[in-house]
2 protein chains.
Amino acid sequence: MRNEFMARAIQLSIENVRSGRGGPFGAVIVAGGRIVAEGANRVTLSNDPTAHAEMEAIRAACRELGNFELSACEMYTSCEPCPMCLGAIYWAHLGAVYFGTSAADAAQSGFDDARIYREIALRPPDRAIPMVSLMREEALEAFRLWQTVPGKTLY
Amino acid sequence: MRNEFMARAIQLSIENVRSGRGGPFGAVIVAGGRIVAEGANRVTLSNDPTAHAEMEAIRAACRELGNFELSACEMYTSCEPCPMCLGAIYWAHLGAVYFGTSAADAAQSGFDDARIYREIALRPPDRAIPMVSLMREEALEAFRLWQTVPGKTLY
């Protein structure tokens, strides 16, 4: 079954290049032994830098299942997730991830994943994109208020 | 001007808690001295674990500007971006990021950012969510095909 699901993710990645709809990436999400959502890279077609295959699949699975939590699901993705998609995988609490090619393979094909992994490990002031703290005291007010909300939905 | 833009991001974060629409996070994107897009956390309202304030602001700015590239823009966000949003910031090529509270402040308020930062630094087999390589050779086919496409749009 695992190879069948991965084969579908790979097929999506290949079809995406053939059709010209986006980058060479596909992903599926599986629950209860069946595919509940699929995604392929749509960055250039949708003018959306967040429209990676894994993000599209996570968002589609959440719509399909009516839940922002996918702990009973597994992801099959044609390539090792980039840091953005990896972050989304944690926020969605996926149960497991199977990936085809590696982040190094993606880098060899001209995708920036490896550089972003390096940047994330740096302190904010040391990153290539300047990141500056501003008005922290004022910004803390939202957290103070959040602590007072009774029965809030955690995620 | 910087404090004015940050004040708006903070206002969005506070309004989001007061209205019960989501977590205590807001962000704006600025180009040419004016706000071109705003975002607030909508994870629980939209059943979308990717709907962080920064992601919503990036996606809105790209729609507004008709471009997946925001290098002429700056982001003001009420809290230091989580790894998912940081990845999106790199993919969108934002020019600079100003943030209010820190990832440590977010962790103190019960948000998992710090844990995800630690997980991303680990090798895939060492992470809390199992991540397993599968069918790499077959998956490489999409990258081989991608190399043969003439005039493709890079992102």
# chains A, B, ... in the order shown; residues from 1 in each chain; ligands from 1

call {"tool": "select_by_dssp", "arguments": {"residues": "segment 9-88 of chain A", "states": "alpha helix (DSSP H)", "output": "ChimeraX atom specification"}}
result
/A:9-19,43-46,53-65,83-88

call {"tool": "calpha_fit_and_write", "arguments": {"fixed": "chain A", "moving": "chain B", "output": "tab-separated table (two decimals) with C-alpha atoms, in the first residue's frame"}}
result
chain	number	residue	atom	x	y	z
B	1	MET	CA	0.01	0.02	-0.01
B	2	ARG	CA	2.80	2.45	0.90
B	3	ASN	CA	4.39	2.11	-2.53
B	4	GLU	CA	1.00	2.60	-4.17
B	5	PHE	CA	0.42	5.90	-2.32
B	6	MET	CA	3.95	7.08	-3.08
B	7	ALA	CA	3.51	6.11	-6.73
B	8	ARG	CA	0.46	8.42	-6.86
B	9	ALA	CA	2.43	11.32	-5.31
B	10	ILE	CA	5.19	10.77	-7.88
B	11	GLN	CA	2.62	10.60	-10.70
B	12	LEU	CA	1.23	13.99	-9.57
B	13	SER	CA	4.76	15.47	-9.59
B	14	ILE	CA	5.44	14.22	-13.13
B	15	GLU	CA	2.02	15.29	-14.46
B	16	ASN	CA	2.59	18.75	-12.98
B	17	VAL	CA	5.74	19.21	-15.09
B	18	ARG	CA	4.18	17.72	-18.22
B	19	SER	CA	1.11	19.99	-17.97
B	20	GLY	CA	3.21	23.09	-17.19
B	21	ARG	CA	1.07	23.84	-14.13
B	22	GLY	CA	4.00	24.18	-11.71
B	23	GLY	CA	7.13	22.73	-10.14
B	24	PRO	CA	8.00	19.00	-10.03
B	25	PHE	CA	6.25	18.20	-6.76
B	26	GLY	CA	3.20	16.13	-5.76
B	27	ALA	CA	1.74	14.90	-2.45
B	28	VAL	CA	-1.18	12.85	-1.16
B	29	ILE	CA	-2.69	12.44	2.30
B	30	VAL	CA	-3.97	9.04	3.40
B	31	ALA	CA	-6.44	8.17	6.15
B	32	GLY	CA	-7.96	4.75	6.87
B	33	GLY	CA	-6.12	3.15	3.95
B	34	ARG	CA	-7.37	5.55	1.26
B	35	ILE	CA	-6.25	8.85	-0.29
B	36	VAL	CA	-8.38	11.69	1.16
B	37	ALA	CA	-6.57	14.61	-0.51
B	38	GLU	CA	-4.01	15.36	-3.21
B	39	GLY	CA	-1.84	18.37	-3.97
B	40	ALA	CA	0.62	19.56	-6.57
B	41	ASN	CA	2.79	22.66	-6.75
B	42	ARG	CA	0.83	25.70	-7.97
B	43	VAL	CA	3.17	28.58	-7.01
B	44	THR	CA	3.50	30.19	-10.43
B	45	LEU	CA	-0.01	29.34	-11.69
B	46	SER	CA	-1.72	30.75	-8.55
B	47	ASN	CA	0.79	33.55	-7.82
B	48	ASP	CA	1.00	32.00	-4.35
B	49	PRO	CA	4.46	31.24	-2.92
B	50	THR	CA	2.83	29.05	-0.24
B	51	ALA	CA	1.15	26.73	-2.79
B	52	HIS	CA	3.61	23.84	-2.43
B	53	ALA	CA	2.26	20.33	-3.03
B	54	GLU	CA	2.31	19.44	0.70
B	55	MET	CA	0.52	22.67	1.70
B	56	GLU	CA	-2.14	22.14	-0.97
B	57	ALA	CA	-2.64	18.53	0.20
B	58	ILE	CA	-2.87	19.55	3.89
B	59	ARG	CA	-5.36	22.31	3.17
B	60	ALA	CA	-7.46	19.99	0.98
B	61	ALA	CA	-7.42	17.21	3.61
B	62	CYS	CA	-8.54	19.64	6.32
B	63	ARG	CA	-11.39	20.85	4.12
B	64	GLU	CA	-12.35	17.24	3.30
B	65	LEU	CA	-12.24	16.08	6.94
B	66	GLY	CA	-13.55	19.36	8.48
B	67	ASN	CA	-10.66	19.44	10.94
B	68	PHE	CA	-7.40	21.40	11.36
B	69	GLU	CA	-5.82	18.32	12.98
B	70	LEU	CA	-4.62	15.37	10.87
B	71	SER	CA	-3.03	13.08	13.48
B	72	ALA	CA	-4.85	10.05	12.04
B	73	CYS	CA	-3.38	10.76	8.58
B	74	GLU	CA	-0.10	10.09	6.78
B	75	MET	CA	1.52	12.13	4.01
B	76	TYR	CA	3.25	10.74	0.92
B	77	THR	CA	5.24	13.41	-0.90
B	78	SER	CA	7.46	13.12	-3.97
B	79	CYS	CA	10.23	15.14	-2.26
B	80	GLU	CA	11.42	15.79	1.31
B	81	PRO	CA	9.38	18.75	2.62
B	82	CYS	CA	10.93	22.23	2.71
B	83	PRO	CA	10.94	24.07	6.09
B	84	MET	CA	7.61	25.79	5.33
B	85	CYS	CA	5.88	22.49	4.59
B	86	LEU	CA	7.63	20.79	7.51
B	87	GLY	CA	6.26	23.49	9.81
B	88	ALA	CA	2.76	22.93	8.39
B	89	ILE	CA	3.16	19.16	8.95
B	90	TYR	CA	3.81	19.83	12.66
B	91	TRP	CA	0.92	22.31	12.97
B	92	ALA	CA	-1.37	19.74	11.31
B	93	HIS	CA	0.00	17.01	13.66
B	94	LEU	CA	0.34	14.47	10.84
B	95	GLY	CA	1.05	10.93	12.01
B	96	ALA	CA	3.90	10.14	9.58
B	97	VAL	CA	5.56	11.42	6.41
B	98	TYR	CA	7.00	9.35	3.53
B	99	PHE	CA	9.14	11.23	1.02
B	100	GLY	CA	10.77	10.29	-2.32
B	101	THR	CA	13.71	12.53	-3.22
B	102	SER	CA	15.79	14.41	-0.62
B	103	ALA	CA	16.23	18.12	0.10
B	104	ALA	CA	19.71	17.72	-1.45
B	105	ASP	CA	18.14	16.33	-4.65
B	106	ALA	CA	15.81	19.38	-4.74
B	107	ALA	CA	18.76	21.74	-4.26
B	108	GLN	CA	20.56	20.05	-7.18
B	109	SER	CA	17.50	20.82	-9.33
B	110	GLY	CA	17.67	24.52	-8.39
B	111	PHE	CA	15.22	24.65	-5.46
B	112	ASP	CA	16.25	26.68	-2.43
B	113	ASP	CA	15.24	24.26	0.35
B	114	ALA	CA	18.75	23.62	1.65
B	115	ARG	CA	19.49	27.35	1.93
B	116	ILE	CA	16.24	27.95	3.87
B	117	TYR	CA	17.10	25.09	6.24
B	118	ARG	CA	20.44	26.82	6.93
B	119	GLU	CA	18.79	30.25	7.42
B	120	ILE	CA	16.20	28.93	9.91
B	121	ALA	CA	18.96	27.65	12.17
B	122	LEU	CA	20.41	31.19	12.50
B	123	ARG	CA	19.38	33.84	15.03
B	124	PRO	CA	17.03	36.48	13.51
B	125	PRO	CA	19.70	39.23	13.30
B	126	ASP	CA	22.09	36.87	11.48
B	127	ARG	CA	19.73	35.92	8.65
B	128	ALA	CA	19.99	37.03	4.98
B	129	ILE	CA	16.54	38.68	5.22
B	130	PRO	CA	16.82	41.38	7.93
B	131	MET	CA	14.63	40.47	10.94
B	132	VAL	CA	14.25	43.13	13.61
B	133	SER	CA	12.36	43.17	16.91
B	134	LEU	CA	10.08	46.19	17.40
B	135	MET	CA	7.51	47.25	20.07
B	136	ARG	CA	7.68	43.96	21.98
B	137	GLU	CA	6.03	45.40	25.08
B	138	GLU	CA	2.97	46.63	23.14
B	139	ALA	CA	2.78	43.35	21.21
B	140	LEU	CA	2.63	41.29	24.43
B	141	GLU	CA	-0.88	42.66	25.04
B	142	ALA	CA	-2.43	40.11	22.62
B	143	PHE	CA	-0.88	37.22	24.60
B	144	ARG	CA	-2.07	38.73	27.93
B	145	LEU	CA	-5.59	38.97	26.52
B	146	TRP	CA	-5.39	35.41	25.11
B	147	GLN	CA	-4.61	34.06	28.60
B	148	THR	CA	-7.92	35.51	29.89
B	149	VAL	CA	-10.16	33.87	27.24
B	150	PRO	CA	-12.18	31.01	28.74
B	151	GLY	CA	-12.78	27.81	26.72
B	152	LYS	CA	-10.72	28.88	23.74
B	153	THR	CA	-9.94	26.37	20.97
B	154	LEU	CA	-6.26	25.40	21.05
B	155	TYR	CA	-4.50	24.26	17.88

call {"tool": "select_by_dssp", "arguments": {"residues": "chain A", "states": "strand (DSSP E)", "output": "MDAnalysis selection string"}}
result
chainID A and resid 26:31 34:40 73:79 96:101 131:133
